[in-house]
file coords-v1.txt (compact mmCIF, C-alpha atoms)
# COMPACT_ATOMS: atom_id res chain seq x y z
CA MET A 1 -43.03 -32.46 -17.26
CA LYS A 2 -45.17 -35.06 -18.99
CA THR A 3 -44.14 -37.63 -16.40
CA ARG A 4 -44.93 -35.19 -13.59
CA ILE A 5 -48.42 -34.63 -14.98
CA LEU A 6 -48.94 -38.39 -15.18
CA PHE A 7 -47.98 -38.73 -11.53
CA VAL A 8 -50.38 -35.99 -10.49
CA PHE A 9 -53.16 -37.51 -12.59
CA PHE A 10 -52.58 -40.83 -10.89
CA SER A 11 -52.73 -39.08 -7.50
CA ILE A 12 -56.10 -37.52 -8.31
CA VAL A 13 -57.45 -40.86 -9.53
CA MET A 14 -56.28 -42.50 -6.30
CA MET A 15 -57.77 -39.72 -4.20
CA PHE A 16 -61.27 -40.16 -5.59
CA GLY A 17 -60.95 -43.86 -6.36
CA VAL A 18 -59.84 -45.06 -2.93
CA GLN A 19 -61.59 -42.62 -0.62
CA ALA A 20 -64.38 -45.16 -0.17
CA GLN A 21 -61.94 -47.68 1.31
CA ASP A 22 -60.30 -47.94 4.73
CA ILE A 23 -56.60 -48.30 5.52
CA LYS A 24 -55.46 -51.91 5.30
CA PHE A 25 -52.39 -54.07 5.88
CA SER A 26 -51.30 -57.45 4.57
CA GLN A 27 -50.27 -58.31 8.13
CA TYR A 28 -53.84 -58.12 9.40
CA TYR A 29 -52.77 -60.19 12.41
CA SER A 30 -50.28 -57.42 13.37
CA ALA A 31 -52.99 -54.72 13.32
CA PRO A 32 -55.92 -56.54 14.96
CA HIS A 33 -57.85 -53.39 15.93
CA LEU A 34 -58.36 -52.56 12.24
CA TYR A 35 -60.20 -55.85 11.69
CA ASN A 36 -62.08 -56.69 14.91
CA PRO A 37 -62.41 -54.54 18.05
CA ALA A 38 -63.29 -57.73 19.98
CA LEU A 39 -59.56 -58.58 19.82
CA THR A 40 -58.85 -55.67 22.18
CA GLY A 41 -57.19 -57.10 25.29
CA ASN A 42 -57.33 -60.63 23.90
CA PHE A 43 -53.73 -61.72 24.36
CA LYS A 44 -51.52 -63.41 26.92
CA GLY A 45 -50.21 -60.51 28.97
CA ASP A 46 -51.14 -57.17 30.54
CA LEU A 47 -49.91 -54.87 27.78
CA ARG A 48 -49.58 -55.18 24.02
CA ALA A 49 -47.87 -52.35 22.12
CA SER A 50 -47.11 -52.32 18.41
CA LEU A 51 -45.74 -50.36 15.46
CA ILE A 52 -46.37 -51.18 11.80
CA TYR A 53 -45.19 -49.61 8.54
CA ARG A 54 -46.10 -50.33 4.93
CA SER A 55 -45.11 -48.82 1.60
CA GLN A 56 -46.58 -49.85 -1.74
CA TRP A 57 -45.71 -49.15 -5.37
CA ILE A 58 -42.86 -46.78 -4.42
CA ALA A 59 -41.98 -46.40 -8.11
CA PRO A 60 -43.21 -45.00 -10.34
CA PHE A 61 -46.12 -43.46 -8.42
CA ASN A 62 -44.88 -42.99 -4.83
CA ALA A 63 -48.33 -44.29 -4.10
CA TYR A 64 -48.95 -45.46 -0.53
CA ARG A 65 -47.07 -45.05 2.74
CA THR A 66 -48.84 -46.14 5.91
CA ILE A 67 -47.68 -46.16 9.52
CA GLY A 68 -49.59 -47.19 12.61
CA GLY A 69 -49.19 -48.09 16.22
CA GLY A 70 -50.71 -48.05 19.67
CA ALA A 71 -51.40 -50.19 22.69
CA ASP A 72 -54.15 -52.21 24.35
CA PHE A 73 -54.48 -53.47 27.89
CA ASN A 74 -55.88 -56.53 29.61
CA ILE A 75 -58.01 -55.62 32.65
CA GLY A 76 -59.07 -58.20 35.22
CA ARG A 77 -58.91 -61.30 33.08
CA GLN A 78 -56.03 -62.91 34.97
CA LYS A 79 -57.92 -62.46 38.25
CA PHE A 80 -61.21 -63.84 36.93
CA LYS A 81 -59.63 -66.68 34.89
CA GLY A 82 -60.55 -65.31 31.49
CA SER A 83 -63.53 -63.02 31.95
CA GLY A 84 -62.73 -59.32 31.90
CA PHE A 85 -62.17 -56.19 29.87
CA GLY A 86 -59.76 -54.84 27.30
CA VAL A 87 -59.17 -51.22 26.30
CA GLY A 88 -56.93 -49.77 23.63
CA ILE A 89 -55.87 -46.73 21.65
CA ASN A 90 -54.29 -46.87 18.20
CA PHE A 91 -53.36 -44.45 15.44
CA TYR A 92 -52.86 -44.86 11.71
CA SER A 93 -51.53 -42.40 9.16
CA ASP A 94 -51.64 -42.98 5.42
CA GLN A 95 -50.18 -40.79 2.66
CA ALA A 96 -50.73 -41.39 -1.04
CA GLY A 97 -49.36 -39.81 -4.19
CA ASP A 98 -47.75 -36.52 -5.15
CA LEU A 99 -50.72 -34.53 -3.82
CA ASP A 100 -50.14 -35.78 -0.26
CA PHE A 101 -53.56 -37.36 0.09
CA ASN A 102 -53.51 -37.98 3.85
CA THR A 103 -55.74 -40.07 6.09
CA ASN A 104 -55.07 -39.89 9.84
CA GLN A 105 -57.08 -41.92 12.32
CA VAL A 106 -57.28 -42.40 16.09
CA LEU A 107 -59.08 -45.58 17.18
CA LEU A 108 -60.49 -45.97 20.69
CA SER A 109 -61.42 -49.58 21.41
CA ALA A 110 -63.04 -51.49 24.27
CA ALA A 111 -64.04 -55.14 24.62
CA TYR A 112 -65.51 -57.53 27.14
CA THR A 113 -64.71 -61.26 27.23
CA GLN A 114 -66.85 -63.86 28.98
CA LYS A 115 -65.60 -67.34 29.82
CA LEU A 116 -68.20 -69.93 28.79
CA GLY A 117 -69.01 -72.90 30.98
CA TRP A 118 -68.58 -75.73 28.52
CA ASN A 119 -66.31 -78.77 28.70
CA MET A 120 -63.35 -77.02 27.06
CA PRO A 121 -61.81 -73.58 27.70
CA ASN A 122 -63.66 -71.22 25.36
CA PHE A 123 -64.55 -67.56 25.41
CA LEU A 124 -66.91 -65.10 23.75
CA SER A 125 -65.80 -61.47 23.23
CA ALA A 126 -67.68 -58.39 22.08
CA GLY A 127 -65.91 -55.18 21.09
CA PHE A 128 -66.70 -51.56 20.31
CA GLN A 129 -64.61 -48.96 18.51
CA ALA A 130 -64.88 -45.21 17.97
CA THR A 131 -62.89 -43.66 15.10
CA ILE A 132 -61.86 -40.01 14.84
CA ALA A 133 -60.31 -39.26 11.46
CA ASN A 134 -59.01 -36.48 9.26
CA ARG A 135 -58.49 -36.47 5.49
CA SER A 136 -56.69 -33.84 3.46
CA VAL A 137 -55.13 -33.22 0.05
CA ASN A 138 -52.59 -30.62 -1.07
CA MET A 139 -53.95 -29.23 -4.34
CA SER A 140 -51.16 -26.60 -4.50
CA LYS A 141 -48.91 -29.38 -5.85
CA ALA A 142 -51.23 -30.11 -8.77
CA ILE A 143 -50.21 -29.17 -12.32
CA TYR A 144 -53.03 -28.57 -14.82
CA GLU A 145 -53.09 -28.51 -18.60
CA ASN A 146 -53.79 -24.79 -18.85
CA GLN A 147 -50.72 -24.05 -16.71
CA LEU A 148 -48.45 -25.33 -19.47
CA GLY A 149 -49.45 -22.27 -21.49
CA GLY A 150 -48.90 -19.87 -18.62
CA GLY A 151 -52.33 -20.10 -17.00
CA THR A 152 -53.03 -20.21 -13.26
CA GLY A 153 -54.77 -23.58 -13.11
CA TYR A 154 -57.96 -24.41 -11.25
CA ASP A 155 -58.99 -26.37 -8.21
CA VAL A 156 -60.96 -29.60 -8.66
CA VAL A 157 -62.17 -29.82 -5.06
CA GLY A 158 -64.31 -27.55 -2.94
CA MET A 159 -62.36 -28.17 0.28
CA ASP A 160 -59.05 -29.85 0.96
CA ASN A 161 -59.44 -30.89 4.61
CA TYR A 162 -62.23 -32.46 6.65
CA TRP A 163 -62.88 -34.53 9.81
CA TYR A 164 -65.26 -37.40 10.42
CA PHE A 165 -66.36 -39.73 13.22
CA SER A 166 -67.60 -43.30 13.01
CA LEU A 167 -68.23 -46.49 14.97
CA GLY A 168 -67.43 -50.19 14.66
CA LEU A 169 -68.58 -53.38 16.38
CA GLY A 170 -67.18 -56.92 16.49
CA MET A 171 -67.54 -60.33 18.08
CA LEU A 172 -65.07 -63.20 18.52
CA TRP A 173 -65.34 -66.77 19.77
CA TYR A 174 -62.23 -68.78 20.51
CA ALA A 175 -61.44 -72.07 22.19
CA GLU A 176 -58.62 -74.33 23.30
CA PRO A 177 -59.92 -77.93 23.17
CA THR A 178 -56.46 -79.35 24.03
CA ASP A 179 -53.10 -77.97 25.14
CA ASN A 180 -51.87 -78.30 21.54
CA ILE A 181 -54.74 -76.67 19.62
CA ASN A 182 -56.57 -73.34 19.76
CA PHE A 183 -58.79 -71.66 17.20
CA TYR A 184 -60.93 -68.56 16.74
CA LEU A 185 -63.83 -67.30 14.61
CA GLY A 186 -64.94 -63.68 14.43
CA GLY A 187 -66.81 -61.00 12.54
CA SER A 188 -67.04 -57.22 12.63
CA ALA A 189 -68.53 -54.17 10.93
CA TYR A 190 -66.92 -50.73 10.64
CA ASN A 191 -68.07 -47.25 9.49
CA LEU A 192 -71.56 -47.86 10.83
CA LEU A 193 -72.33 -44.12 10.75
CA LYS A 194 -71.43 -43.95 7.04
CA PRO A 195 -69.60 -40.58 7.29
CA ASN A 196 -69.47 -38.25 4.31
CA GLN A 197 -66.21 -38.61 2.32
CA SER A 198 -66.71 -35.97 -0.35
CA PHE A 199 -64.13 -33.21 -0.92
CA PHE A 200 -66.79 -31.25 -2.80
CA LEU A 201 -69.01 -28.71 -1.06
CA ASN A 202 -72.72 -29.58 -0.82
CA SER A 203 -71.98 -33.11 -2.02
CA LYS A 204 -72.61 -36.46 -0.32
CA ASP A 205 -70.35 -39.51 -0.71
CA ALA A 206 -70.98 -41.86 2.20
CA LEU A 207 -68.14 -44.14 3.31
CA TYR A 208 -69.19 -47.74 2.76
CA VAL A 209 -69.71 -50.00 5.76
CA ARG A 210 -66.83 -52.50 5.93
CA TYR A 211 -67.69 -56.07 6.90
CA VAL A 212 -64.94 -58.42 8.07
CA GLY A 213 -64.88 -62.16 8.74
CA GLN A 214 -61.88 -63.99 10.14
CA ALA A 215 -60.83 -67.40 11.39
CA GLY A 216 -57.63 -69.12 12.45
CA ILE A 217 -56.22 -72.23 14.03
CA ASN A 218 -52.90 -72.91 15.73
CA PHE A 219 -51.65 -76.40 16.47
CA ALA A 220 -48.43 -77.91 17.78
CA VAL A 221 -46.70 -80.54 15.65
CA ASN A 222 -44.29 -81.39 18.49
CA ASP A 223 -42.52 -79.63 21.37
CA ARG A 224 -40.56 -77.38 19.00
CA ILE A 225 -42.77 -76.81 15.96
CA ASP A 226 -46.20 -75.23 15.71
CA VAL A 227 -48.27 -74.15 12.71
CA ASN A 228 -50.61 -71.20 12.45
CA THR A 229 -53.08 -70.84 9.60
CA SER A 230 -55.62 -68.05 9.22
CA THR A 231 -57.98 -66.43 6.77
CA MET A 232 -59.63 -63.05 6.50
CA TYR A 233 -62.39 -61.75 4.21
CA GLN A 234 -63.63 -58.20 4.03
CA ARG A 235 -66.13 -56.37 1.83
CA GLN A 236 -66.58 -52.62 1.55
CA GLY A 237 -69.13 -51.55 -1.04
CA PRO A 238 -67.96 -52.87 -4.44
CA PHE A 239 -64.51 -53.73 -3.06
CA GLN A 240 -63.63 -57.06 -1.51
CA GLU A 241 -60.52 -58.85 -0.28
CA TYR A 242 -59.87 -62.46 0.62
CA MET A 243 -56.61 -63.60 2.23
CA VAL A 244 -55.46 -67.00 3.44
CA GLY A 245 -52.08 -68.13 4.69
CA VAL A 246 -49.98 -70.40 6.85
CA LEU A 247 -46.90 -69.89 9.02
CA GLY A 248 -44.68 -72.51 10.61
CA ARG A 249 -42.64 -71.64 13.69
CA TYR A 250 -39.64 -73.34 15.30
CA ASP A 251 -38.94 -72.86 19.02
CA PHE A 252 -35.22 -72.62 19.87
CA SER A 253 -35.80 -72.21 23.61
CA THR A 254 -35.07 -75.91 24.20
CA TYR A 255 -31.49 -75.17 23.11
CA SER A 256 -31.13 -71.79 24.78
CA SER A 257 -32.64 -69.72 27.57
CA GLN A 258 -33.05 -66.75 25.23
CA GLY A 259 -36.61 -67.63 24.20
CA MET A 260 -35.99 -67.32 20.46
CA LYS A 261 -38.60 -68.48 17.93
CA LEU A 262 -38.39 -68.19 14.15
CA GLY A 263 -41.20 -68.61 11.65
CA VAL A 264 -41.68 -68.49 7.88
CA GLY A 265 -44.98 -68.37 6.07
CA LEU A 266 -46.85 -67.53 2.91
CA TRP A 267 -50.14 -65.67 2.44
CA TYR A 268 -52.24 -65.27 -0.68
CA ARG A 269 -54.51 -62.35 -1.53
CA MET A 270 -57.04 -63.61 -4.02
CA GLN A 271 -56.39 -62.45 -7.60
CA ASP A 272 -53.75 -59.97 -6.45
CA ALA A 273 -50.57 -61.10 -4.66
CA ILE A 274 -48.59 -63.70 -2.78
CA ILE A 275 -47.03 -62.52 0.46
CA PRO A 276 -43.92 -64.33 1.82
CA THR A 277 -43.48 -63.63 5.53
CA VAL A 278 -40.73 -64.00 8.13
CA LYS A 279 -41.38 -63.72 11.86
CA ALA A 280 -38.81 -63.58 14.69
CA GLU A 281 -39.74 -63.71 18.39
CA TYR A 282 -37.36 -62.85 21.22
CA HIS A 283 -38.69 -62.86 24.78
CA ASP A 284 -41.68 -60.45 24.68
CA PHE A 285 -40.93 -58.94 21.24
CA VAL A 286 -42.13 -60.05 17.81
CA LEU A 287 -40.64 -58.67 14.57
CA THR A 288 -42.47 -59.53 11.34
CA PHE A 289 -41.51 -58.71 7.75
CA SER A 290 -43.61 -59.43 4.68
CA TYR A 291 -43.55 -58.43 1.02
CA ASP A 292 -46.44 -58.31 -1.43
CA VAL A 293 -45.46 -59.85 -4.76
CA ASN A 294 -48.06 -58.57 -7.18
CA LEU A 295 -49.56 -61.14 -9.57
CA SER A 296 -52.37 -59.12 -11.15
CA THR A 297 -52.38 -57.10 -14.37
CA LEU A 298 -51.44 -54.06 -12.27
CA THR A 299 -47.85 -55.34 -12.40
CA ARG A 300 -47.32 -53.55 -15.72
CA ALA A 301 -48.25 -50.18 -14.23
CA THR A 302 -46.28 -50.65 -10.99
CA ARG A 303 -43.19 -52.06 -12.78
CA SER A 304 -43.41 -55.09 -10.48
CA ASN A 305 -42.83 -52.97 -7.36
CA GLY A 306 -44.68 -54.66 -4.54
CA GLY A 307 -45.36 -53.74 -0.93
CA PRO A 308 -42.85 -54.25 1.90
CA GLU A 309 -44.38 -54.27 5.37
CA ILE A 310 -42.72 -54.49 8.79
CA SER A 311 -44.17 -54.63 12.29
CA LEU A 312 -42.82 -54.78 15.83
CA THR A 313 -44.99 -55.96 18.72
CA TYR A 314 -44.32 -56.08 22.45
CA GLN A 315 -46.53 -58.29 24.59
CA GLY A 316 -45.71 -58.46 28.28
CA PHE A 317 -46.74 -58.34 31.94
CA TRP A 318 -46.56 -55.65 34.59
CA ASN A 319 -44.26 -57.73 36.78
CA SER A 320 -42.47 -61.08 36.93
CA SER A 321 -44.96 -62.70 39.32
CA ARG A 322 -47.84 -62.13 36.91
CA LYS A 323 -45.74 -63.58 34.09
CA LYS A 324 -44.97 -66.63 36.25
CA ASP A 325 -48.70 -67.16 36.88
CA SER A 326 -49.32 -67.17 33.11
CA ASN A 327 -47.30 -70.37 32.77
CA LYS A 328 -49.72 -72.29 34.97
CA LYS A 329 -51.83 -74.87 33.23
CA ASN A 330 -55.17 -73.27 34.15
CA TYR A 331 -54.24 -69.82 32.76
CA PHE A 332 -56.94 -68.53 30.43
CA ALA A 333 -56.68 -69.20 26.69
CA CYS A 334 -56.10 -66.50 24.05
CA PRO A 335 -56.37 -66.55 20.24
CA THR A 336 -53.03 -67.03 18.49
CA LEU A 337 -52.81 -64.45 15.69
call {"tool": "encode", "arguments": {"input": "coords-v1.txt", "output": "structure tokens"}}
result
Amino acid sequence: MKTRILFVFFSIVMMFGVQAQDIKFSQYYSAPHLYNPALTGNFKGDLRASLIYRSQWIAPFNAYRTIGGGADFNIGRQKFKGSGFGVGINFYSDQAGDLDFNTNQVLLSAAYTQKLGWNMPNFLSAGFQATIANRSVNMSKAIYENQLGGGTGYDVVGMDNYWYFSLGLGMLWYAEPTDNINFYLGGSAYNLLKPNQSFFLNSKDALYVRYVGQAGINFAVNDRIDVNTSTMYQRQGPFQEYMVGVLGRYDFSTYSSQGMKLGVGLWYRMQDAIIPTVKAEYHDFVLTFSYDVNLSTLTRATRSNGGPEISLTYQGFWNSSRKKDSNKKNYFACPTL
């Protein structure tokens, strides 16, 4: 019983301690709409669909379980050699703790990309995102001190379910100065409407605006090996996160017609964790697995249980002729995430 009460206490602390923060993933490159709506439609293909799952600190607290997915579409960019639109819809669902603290979101994104007339292929994108979200908590699972003596307990919140709506904006610039190098630089801001996050009636607890900055570069070492390095920084009220990492990829397609690529990498979250990563690509599918190895003082509370994360992405074309056109040398550039 004492352990159960500890778990519930931890759930309540999480509920009020993290409600000012958004859902996040270590594989920020596998959930681009959470970090910059300008990335909507910015890929080589007509359709990009993805699924992502993360669990964190499974024992002893059963703390976080997050799943997400969705799709975005490239509209007109192949016809206009890079300029055009992107639209997308994504969902994310997060559950934390024994009290089932749930956050469910639907993200509607749109972006426009303009090809710039400089000496190298480069593009400027602007994106917009609308978020519809619901948060809830199941207080019927709570156990209070007075219940140990036969009491009925009491509720610590005024309501256990609410909806909110918010907006986000982002911009991205990316370029491909040579056939072997491309890079990007972007920034975004989310929760611009600062929706109320309080579970208490007649109380105001505005969700902090989240600011995100990101950059990355991909370069080919030779015909078979390329290296991708990226960084991401975000700040939301008093909370901040800085990540940097590198992934090397080997292309086996020179040995086989199967289009297989394998990559291994390592990311670092400042003052928190290292994140070894494995990525496998087969034709139009990309499977990525990573694991957060916690390095902070929180390790003692989590018993060194980190955070496994897995994602599956499909990125393809409507038909074979459009895919064939994408192999032409003058096909428009895209950021490599």
call {"tool": "residues_near_point", "arguments": {"input": "coords-v1.txt", "point": "(-61.6, -46.4, 20.3)", "cutoff": "10 Å", "atoms": "all atoms listed in the file", "output": "list in words"}}
result
His33, Pro37, Thr40, Val87, Gly88, Ile89, Asn90, Phe91, Val106, Leu107, Leu108, Ser109, Ala110, Gly127, Phe128, Gln129, Ala130, Thr131, Ile132, Ser166, Leu167 and Gly168 of chain A
call {"tool": "closest_atom_pairs", "arguments": {"input": "coords-v1.txt", "of": "stretch 172-246 of chain A", "to": "stretch 267-271 of chain A", "cutoff": "8 Å", "atoms": "all atoms listed in the file", "output": "tab-separated table"}}
result
residue	atom	partner	partner_atom	distance
A:Glu241	CA	A:Met270	CA	7.0
A:Tyr242	CA	A:Met270	CA	5.6
A:Met243	CA	A:Arg269	CA	4.5
A:Val244	CA	A:Tyr268	CA	5.5
A:Gly245	CA	A:Trp267	CA	3.9
A:Val246	CA	A:Trp267	CA	6.5
call {"tool": "residues_around", "arguments": {"input": "coords-v1.txt", "residues": "A:Trp173", "least_positions_apart": "3", "cutoff": "10 Å", "atoms": "all atoms listed in the file", "output": "NGL selection string"}}
result
:A and (38 or 113-114 or 116 or 122-126 or 183-187 or 215 or 335)
call {"tool": "closest_residue", "arguments": {"input": "coords-v1.txt", "among": "A:Lys261, A:Arg210, A:Arg65, A:Lys204", "to": "A:Arg224", "atoms": "all atoms listed in the file"}}
result
A:Lys261
call {"tool": "atom_distance", "arguments": {"input": "coords-v1.txt", "atom1": "atom CA of A:Ile217", "atom2": "atom CA of A:Tyr250"}}
result
16.7 Å
call {"tool": "build_atoms", "arguments": {"input": "coords-v1.txt", "residues": "stretch 77-96 of chain A", "atoms": "N, CA and C atoms", "output": "JSON list (two decimals), keeping the file's coordinate frame"}}
result
[["chain", "number", "residue", "atom", "x", "y", "z"],
["A", 77, "ARG", "N", -58.68, -59.96, 33.60],
["A", 77, "ARG", "CA", -58.91, -61.30, 33.08],
["A", 77, "ARG", "C", -58.05, -62.35, 33.80],
["A", 78, "GLN", "N", -56.87, -61.96, 34.24],
["A", 78, "GLN", "CA", -56.03, -62.91, 34.97],
["A", 78, "GLN", "C", -56.68, -63.24, 36.33],
["A", 79, "LYS", "N", -57.28, -62.25, 36.96],
["A", 79, "LYS", "CA", -57.92, -62.46, 38.25],
["A", 79, "LYS", "C", -59.17, -63.32, 38.14],
["A", 80, "PHE", "N", -59.94, -63.13, 37.08],
["A", 80, "PHE", "CA", -61.21, -63.84, 36.93],
["A", 80, "PHE", "C", -61.12, -65.00, 35.94],
["A", 81, "LYS", "N", -59.89, -65.48, 35.69],
["A", 81, "LYS", "CA", -59.63, -66.68, 34.89],
["A", 81, "LYS", "C", -60.23, -66.61, 33.48],
["A", 82, "GLY", "N", -60.16, -65.43, 32.89],
["A", 82, "GLY", "CA", -60.55, -65.31, 31.49],
["A", 82, "GLY", "C", -61.60, -64.27, 31.21],
["A", 83, "SER", "N", -62.52, -64.05, 32.14],
["A", 83, "SER", "CA", -63.53, -63.02, 31.95],
["A", 83, "SER", "C", -62.96, -61.67, 32.35],
["A", 84, "GLY", "N", -63.26, -60.64, 31.58],
["A", 84, "GLY", "CA", -62.73, -59.32, 31.90],
["A", 84, "GLY", "C", -62.78, -58.39, 30.71],
["A", 85, "PHE", "N", -62.09, -57.26, 30.85],
["A", 85, "PHE", "CA", -62.17, -56.19, 29.87],
["A", 85, "PHE", "C", -60.84, -55.98, 29.15],
["A", 86, "GLY", "N", -60.92, -55.32, 28.01],
["A", 86, "GLY", "CA", -59.76, -54.84, 27.30],
["A", 86, "GLY", "C", -60.04, -53.45, 26.78],
["A", 87, "VAL", "N", -59.04, -52.57, 26.85],
["A", 87, "VAL", "CA", -59.17, -51.22, 26.30],
["A", 87, "VAL", "C", -57.92, -50.93, 25.47],
["A", 88, "GLY", "N", -58.07, -50.07, 24.48],
["A", 88, "GLY", "CA", -56.93, -49.77, 23.63],
["A", 88, "GLY", "C", -57.06, -48.46, 22.90],
["A", 89, "ILE", "N", -55.92, -47.91, 22.50],
["A", 89, "ILE", "CA", -55.87, -46.73, 21.65],
["A", 89, "ILE", "C", -54.82, -46.95, 20.57],
["A", 90, "ASN", "N", -55.18, -46.67, 19.34],
["A", 90, "ASN", "CA", -54.29, -46.87, 18.20],
["A", 90, "ASN", "C", -54.39, -45.70, 17.25],
["A", 91, "PHE", "N", -53.35, -45.49, 16.46],
["A", 91, "PHE", "CA", -53.36, -44.45, 15.44],
["A", 91, "PHE", "C", -52.84, -45.03, 14.13],
["A", 92, "TYR", "N", -53.33, -44.48, 13.03],
["A", 92, "TYR", "CA", -52.86, -44.86, 11.71],
["A", 92, "TYR", "C", -52.79, -43.62, 10.84],
["A", 93, "SER", "N", -51.71, -43.52, 10.05],
["A", 93, "SER", "CA", -51.53, -42.40, 9.16],
["A", 93, "SER", "C", -51.13, -42.92, 7.79],
["A", 94, "ASP", "N", -51.86, -42.50, 6.78],
["A", 94, "ASP", "CA", -51.64, -42.98, 5.42],
["A", 94, "ASP", "C", -51.45, -41.78, 4.49],
["A", 95, "GLN", "N", -50.43, -41.85, 3.63],
["A", 95, "GLN", "CA", -50.18, -40.79, 2.66],
["A", 95, "GLN", "C", -50.05, -41.42, 1.29],
["A", 96, "ALA", "N", -50.72, -40.82, 0.30],
["A", 96, "ALA", "CA", -50.73, -41.39, -1.04],
["A", 96, "ALA", "C", -50.47, -40.32, -2.08]]
